[in-house]
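Asker: Hey, dropping protein-v9.cif in here, mmCIF, C-alpha atoms:
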```cif
data_structure
#
loop_
_atom_site.group_PDB
_atom_site.id
_atom_site.type_symbol
_atom_site.label_atom_id
_atom_site.label_comp_id
_atom_site.auth_asym_id
_atom_site.auth_seq_id
_atom_site.Cartn_x
_atom_site.Cartn_y
_atom_site.Cartn_z
ATOM 1 C CA MET A 1 33.449 111.457 172.694
ATOM 2 C CA ALA A 2 35.854 108.820 171.423
ATOM 3 C CA LYS A 3 38.529 109.759 168.940
ATOM 4 C CA LEU A 4 38.448 108.257 165.458
ATOM 5 C CA GLN A 5 41.732 106.456 166.180
ATOM 6 C CA ASP A 6 40.184 104.766 169.239
ATOM 7 C CA LEU A 7 37.095 103.750 167.268
ATOM 8 C CA MET A 8 39.254 102.246 164.514
ATOM 9 C CA ARG A 9 41.366 100.328 167.075
ATOM 10 C CA GLU A 10 38.250 98.937 168.780
ATOM 11 C CA ASN A 11 36.802 97.899 165.408
ATOM 12 C CA LEU A 12 40.089 96.252 164.406
ATOM 13 C CA ARG A 13 40.134 94.214 167.615
ATOM 14 C CA LEU A 14 36.559 93.062 167.047
ATOM 15 C CA ALA A 15 37.433 92.106 163.464
ATOM 16 C CA MET A 16 40.409 90.063 164.676
ATOM 17 C CA LEU A 17 38.239 88.205 167.184
ATOM 18 C CA ARG A 18 35.532 87.520 164.626
ATOM 19 C CA ILE A 19 38.052 86.141 162.136
ATOM 20 C CA ALA A 20 39.557 83.877 164.794
ATOM 21 C CA ALA A 21 36.066 82.729 165.826
ATOM 22 C CA GLU A 22 35.184 81.675 162.264
ATOM 23 C CA VAL A 23 38.222 79.461 161.688
ATOM 24 C CA PRO A 24 37.918 75.705 162.359
ATOM 25 C CA GLN A 25 39.286 74.869 165.821
ATOM 26 C CA GLY A 26 39.693 78.635 166.386
ATOM 27 C CA PHE A 27 43.299 78.697 165.124
ATOM 28 C CA VAL A 28 44.439 81.300 162.602
ATOM 29 C CA ASN A 29 47.985 82.237 161.638
ATOM 30 C CA GLU A 30 49.172 85.821 161.627
ATOM 31 C CA CYS A 31 49.365 85.999 157.807
ATOM 32 C CA VAL A 32 45.749 84.946 157.342
ATOM 33 C CA LEU A 33 44.669 87.254 160.165
ATOM 34 C CA LEU A 34 46.443 90.193 158.525
ATOM 35 C CA ARG A 35 44.818 89.453 155.155
ATOM 36 C CA GLY A 36 41.454 89.090 156.851
ATOM 37 C CA VAL A 37 41.560 92.464 158.568
ATOM 38 C CA GLU A 38 42.842 94.068 155.355
ATOM 39 C CA ALA A 39 39.834 92.610 153.513
ATOM 40 C CA LEU A 40 37.656 94.341 156.115
ATOM 41 C CA GLY A 41 39.291 97.709 155.456
ATOM 42 C CA HIS A 42 42.067 97.822 158.055
ATOM 43 C CA ILE A 43 45.359 98.431 156.282
ATOM 44 C CA ILE A 44 47.930 97.895 159.026
ATOM 45 C CA SER A 45 51.518 96.743 159.367
ATOM 46 C CA ARG A 46 52.575 93.368 160.712
ATOM 47 C CA ASP A 47 54.011 95.169 163.764
ATOM 48 C CA HIS A 48 50.649 96.813 164.428
ATOM 49 C CA LEU A 49 48.925 93.433 164.097
ATOM 50 C CA LEU A 50 51.367 91.866 166.575
ATOM 51 C CA THR A 51 50.744 94.716 169.025
ATOM 52 C CA GLU A 52 46.997 94.127 168.853
ATOM 53 C CA ILE A 53 47.474 90.362 169.203
ATOM 54 C CA ALA A 54 49.481 90.988 172.380
ATOM 55 C CA TRP A 55 46.739 93.278 173.726
ATOM 56 C CA LEU A 56 44.009 90.721 173.018
ATOM 57 C CA GLU A 57 46.099 88.054 174.740
ATOM 58 C CA GLU A 58 46.585 90.296 177.807
ATOM 59 C CA GLN A 59 42.792 90.600 178.002
ATOM 60 C CA SER A 60 42.474 86.767 177.974
ATOM 61 C CA LEU A 61 40.527 86.844 174.710
ATOM 62 C CA ILE A 62 43.034 84.813 172.689
ATOM 63 C CA GLU A 63 46.108 82.683 173.228
ATOM 64 C CA THR A 64 49.116 82.407 170.972
ATOM 65 C CA SER A 65 51.631 79.753 170.071
ATOM 66 C CA SER A 66 54.389 79.441 167.511
ATOM 67 C CA VAL A 67 54.990 76.849 164.842
ATOM 68 C CA GLN A 68 58.462 77.332 163.424
ATOM 69 C CA ARG A 69 58.486 81.102 162.847
ATOM 70 C CA LEU A 70 54.745 81.537 162.381
ATOM 71 C CA LEU A 71 52.518 82.907 165.119
ATOM 72 C CA LEU A 72 49.202 81.111 165.662
ATOM 73 C CA VAL A 73 46.235 82.743 167.338
ATOM 74 C CA LYS A 74 43.499 80.719 169.063
ATOM 75 C CA ILE A 75 40.347 82.342 170.308
ATOM 76 C CA LYS A 76 39.362 81.616 173.904
ATOM 77 C CA ARG A 77 35.794 81.197 175.120
ATOM 78 C CA ARG A 78 35.773 84.757 176.488
ATOM 79 C CA GLY A 79 37.017 86.049 173.126
ATOM 80 C CA ALA A 80 34.242 84.187 171.316
ATOM 81 C CA ASP A 81 31.715 85.706 173.715
ATOM 82 C CA VAL A 82 33.048 89.199 172.960
ATOM 83 C CA ALA A 83 33.065 88.523 169.197
ATOM 84 C CA SER A 84 29.409 87.466 169.316
ATOM 85 C CA GLY A 85 28.283 90.284 171.621
ATOM 86 C CA ARG A 86 27.514 88.034 174.613
ATOM 87 C CA ALA A 87 30.218 89.829 176.633
ATOM 88 C CA THR A 88 31.925 93.203 176.481
ATOM 89 C CA VAL A 89 35.497 94.309 177.044
ATOM 90 C CA PRO A 90 36.512 97.972 177.120
ATOM 91 C CA GLY A 91 38.714 98.588 174.100
ATOM 92 C CA VAL A 92 36.835 96.172 171.811
ATOM 93 C CA GLU A 93 33.888 97.362 169.763
ATOM 94 C CA ARG A 94 30.602 95.720 170.656
ATOM 95 C CA PRO A 95 29.083 94.112 167.568
ATOM 96 C CA GLU A 96 25.665 95.149 166.390
ATOM 97 C CA ILE A 97 23.257 92.337 167.098
ATOM 98 C CA LEU A 98 20.186 92.242 164.908
#
```
As structure tokens, please, write out the structure in this file.
Answerer:
Amino acid sequence: MAKLQDLMRENLRLAMLRIAAEVPQGFVNECVLLRGVEALGHIISRDHLLTEIAWLEEQSLIETSSVQRLLLVKIKRRGADVASGRATVPGVERPEIL
């Protein structure tokens, strides 16, 4: 059985992907992403957010770029598929599809 910490991490990753998928052109900056996950009940540090961004990028679900000192996150097609439940990735919660 999965630990609560693992379940929370998987849910956080799904939330991050869903937020990125809802933004026009799929771009979201780290500040908006942090506020978005906080609004969904994940109170995390900026460092924790950056760690999860790096993990999602390693899985080819997002890509990042920088504008001045601000990190931008762009969802990739595979990330959008995971966010919608059309694909699965171990370590990301599968959304409930009604």
Asker: Please determine, counting all atoms listed in the file, which residue among A:Leu70, A:Ala2, A:Leu56, A:Ala87 has the shortest atom-to-atom distance to A:Ala15.
Answerer: A:Leu56
Asker: Evaluate the PyMOL selection byres ((chain A and resi 76) around 12) here and jot the selected residues down as a ChimeraX atom specification.
Answerer: /A:17-18,20-21,25-27,56-64,73-75,77-83
Asker: In terms of the shortest atom-to-atom distance over only C-alpha atoms, which of A:Gly85, A:Val32, A:His42, A:Trp55 is closest to A:Gln5?
Answerer: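 Among A:Gly85, A:Val32, A:His42, A:Trp55, it is A:His42 that comes nearest to A:Gln5.
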Asker: What's around A:Asn11 at 7 Å? Count all atoms listed in the file, leave out sequence neighbours fewer than 3 positions away in its own chain, and write the answer as an MDAnalysis selection string.
Answerer: chainID A and resid 7:8 14:15 92:93
Asker: Could you check the closest approach to A:Gln68 for each of A:Leu49, A:Pro24, A:Asn29, A:Ile19 and tell me which residue wins, using only C-alpha atoms?
Answerer: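 That would be A:Asn29, the residue with the smallest distance to A:Gln68.
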Asker: Between A:Arg13, A:Val28, A:Val23, A:Ala54, which residue has the minimum interatomic distance to A:Leu40, considering all atoms listed in the file?
Answerer: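 Result for the nearest residue to A:Leu40: A:Arg13.
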Asker: One decimal, in Å: what's the spacing between atom CA of A:Leu72 and atom CA of A:Ile53?
Answerer: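 Computing the Euclidean distance for atom CA of A:Leu72 and atom CA of A:Ile53 yields 10.1 Å.
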Asker: In Å, with one decimal, what is the gap from atom CA of A:Arg46 to atom CA of A:Leu34?
Answerer: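 Interatomic distance here is 7.2 Å.
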Asker: Out of A:Ser45, A:Glu30, A:Glu52, A:Arg69, which residue has the shortest atom-to-atom distance to A:Leu12 when counting all atoms listed in the file?
Answerer: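 So, comparing all the options, the nearest one is A:Glu52.
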Asker: Using only C-alpha atoms for the distances, tell me which of A:Arg86, A:Glu10, A:Leu71, A:Leu4 is nearest to A:Leu33.
Answerer: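 Looking only at the distances to A:Leu33, the closest residue turns out to be A:Leu71.
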Asker: Reconstruct N, CA and C atoms of stretch 30-56 of chain A from the incomplete input and present them as a PDB file, keeping the file's coordinate frame.
Answerer:
```pdb
ATOM      1  N   GLU A  30      49.085  84.366 161.722  1.00  0.00           N
ATOM      2  CA  GLU A  30      49.172  85.821 161.627  1.00  0.00           C
ATOM      3  C   GLU A  30      49.012  86.324 160.200  1.00  0.00           C
ATOM      4  N   CYS A  31      49.475  85.576 159.211  1.00  0.00           N
ATOM      5  CA  CYS A  31      49.365  85.999 157.807  1.00  0.00           C
ATOM      6  C   CYS A  31      47.907  86.032 157.365  1.00  0.00           C
ATOM      7  N   VAL A  32      47.166  84.996 157.695  1.00  0.00           N
ATOM      8  CA  VAL A  32      45.749  84.946 157.342  1.00  0.00           C
ATOM      9  C   VAL A  32      44.983  86.022 158.106  1.00  0.00           C
ATOM     10  N   LEU A  33      45.327  86.227 159.357  1.00  0.00           N
ATOM     11  CA  LEU A  33      44.669  87.254 160.165  1.00  0.00           C
ATOM     12  C   LEU A  33      44.908  88.630 159.561  1.00  0.00           C
ATOM     13  N   LEU A  34      46.129  88.900 159.137  1.00  0.00           N
ATOM     14  CA  LEU A  34      46.443  90.193 158.525  1.00  0.00           C
ATOM     15  C   LEU A  34      45.649  90.385 157.235  1.00  0.00           C
ATOM     16  N   ARG A  35      45.595  89.356 156.402  1.00  0.00           N
ATOM     17  CA  ARG A  35      44.818  89.453 155.155  1.00  0.00           C
ATOM     18  C   ARG A  35      43.334  89.637 155.449  1.00  0.00           C
ATOM     19  N   GLY A  36      42.864  88.966 156.485  1.00  0.00           N
ATOM     20  CA  GLY A  36      41.454  89.090 156.851  1.00  0.00           C
ATOM     21  C   GLY A  36      41.081  90.493 157.281  1.00  0.00           C
ATOM     22  N   VAL A  37      41.893  91.102 158.128  1.00  0.00           N
ATOM     23  CA  VAL A  37      41.560  92.464 158.568  1.00  0.00           C
ATOM     24  C   VAL A  37      41.730  93.460 157.426  1.00  0.00           C
ATOM     25  N   GLU A  38      42.692  93.201 156.528  1.00  0.00           N
ATOM     26  CA  GLU A  38      42.842  94.068 155.355  1.00  0.00           C
ATOM     27  C   GLU A  38      41.603  93.983 154.470  1.00  0.00           C
ATOM     28  N   ALA A  39      41.046  92.784 154.317  1.00  0.00           N
ATOM     29  CA  ALA A  39      39.834  92.610 153.513  1.00  0.00           C
ATOM     30  C   ALA A  39      38.650  93.362 154.129  1.00  0.00           C
ATOM     31  N   LEU A  40      38.713  93.604 155.421  1.00  0.00           N
ATOM     32  CA  LEU A  40      37.656  94.341 156.115  1.00  0.00           C
ATOM     33  C   LEU A  40      37.952  95.837 156.208  1.00  0.00           C
ATOM     34  N   GLY A  41      39.008  96.277 155.532  1.00  0.00           N
ATOM     35  CA  GLY A  41      39.291  97.709 155.456  1.00  0.00           C
ATOM     36  C   GLY A  41      40.351  98.241 156.389  1.00  0.00           C
ATOM     37  N   HIS A  42      41.009  97.387 157.141  1.00  0.00           N
ATOM     38  CA  HIS A  42      42.067  97.822 158.055  1.00  0.00           C
ATOM     39  C   HIS A  42      43.426  97.558 157.410  1.00  0.00           C
ATOM     40  N   ILE A  43      44.039  98.577 156.882  1.00  0.00           N
ATOM     41  CA  ILE A  43      45.359  98.431 156.282  1.00  0.00           C
ATOM     42  C   ILE A  43      46.382  98.770 157.369  1.00  0.00           C
ATOM     43  N   ILE A  44      46.996  97.730 157.910  1.00  0.00           N
ATOM     44  CA  ILE A  44      47.930  97.895 159.026  1.00  0.00           C
ATOM     45  C   ILE A  44      49.209  97.123 158.737  1.00  0.00           C
ATOM     46  N   SER A  45      50.241  97.449 159.494  1.00  0.00           N
ATOM     47  CA  SER A  45      51.518  96.743 159.367  1.00  0.00           C
ATOM     48  C   SER A  45      51.493  95.462 160.189  1.00  0.00           C
ATOM     49  N   ARG A  46      52.434  94.593 159.919  1.00  0.00           N
ATOM     50  CA  ARG A  46      52.575  93.368 160.712  1.00  0.00           C
ATOM     51  C   ARG A  46      52.867  93.731 162.163  1.00  0.00           C
ATOM     52  N   ASP A  47      53.709  94.743 162.387  1.00  0.00           N
ATOM     53  CA  ASP A  47      54.011  95.169 163.764  1.00  0.00           C
ATOM     54  C   ASP A  47      52.757  95.617 164.495  1.00  0.00           C
ATOM     55  N   HIS A  48      51.901  96.367 163.808  1.00  0.00           N
ATOM     56  CA  HIS A  48      50.649  96.813 164.428  1.00  0.00           C
ATOM     57  C   HIS A  48      49.778  95.604 164.764  1.00  0.00           C
ATOM     58  N   LEU A  49      49.692  94.653 163.847  1.00  0.00           N
ATOM     59  CA  LEU A  49      48.925  93.433 164.097  1.00  0.00           C
ATOM     60  C   LEU A  49      49.452  92.713 165.336  1.00  0.00           C
ATOM     61  N   LEU A  50      50.772  92.560 165.429  1.00  0.00           N
ATOM     62  CA  LEU A  50      51.367  91.866 166.575  1.00  0.00           C
ATOM     63  C   LEU A  50      51.093  92.604 167.882  1.00  0.00           C
ATOM     64  N   THR A  51      51.073  93.924 167.832  1.00  0.00           N
ATOM     65  CA  THR A  51      50.744  94.716 169.025  1.00  0.00           C
ATOM     66  C   THR A  51      49.316  94.437 169.470  1.00  0.00           C
ATOM     67  N   GLU A  52      48.394  94.395 168.514  1.00  0.00           N
ATOM     68  CA  GLU A  52      46.997  94.127 168.853  1.00  0.00           C
ATOM     69  C   GLU A  52      46.793  92.684 169.318  1.00  0.00           C
ATOM     70  N   ILE A  53      47.524  91.751 168.732  1.00  0.00           N
ATOM     71  CA  ILE A  53      47.474  90.362 169.203  1.00  0.00           C
ATOM     72  C   ILE A  53      47.909  90.295 170.663  1.00  0.00           C
ATOM     73  N   ALA A  54      48.989  90.984 170.998  1.00  0.00           N
ATOM     74  CA  ALA A  54      49.481  90.988 172.380  1.00  0.00           C
ATOM     75  C   ALA A  54      48.433  91.588 173.317  1.00  0.00           C
ATOM     76  N   TRP A  55      47.761  92.645 172.894  1.00  0.00           N
ATOM     77  CA  TRP A  55      46.739  93.278 173.726  1.00  0.00           C
ATOM     78  C   TRP A  55      45.572  92.308 173.956  1.00  0.00           C
ATOM     79  N   LEU A  56      45.115  91.675 172.880  1.00  0.00           N
ATOM     80  CA  LEU A  56      44.009  90.721 173.018  1.00  0.00           C
ATOM     81  C   LEU A  56      44.387  89.556 173.930  1.00  0.00           C
TER      82      LEU A  56
END
```
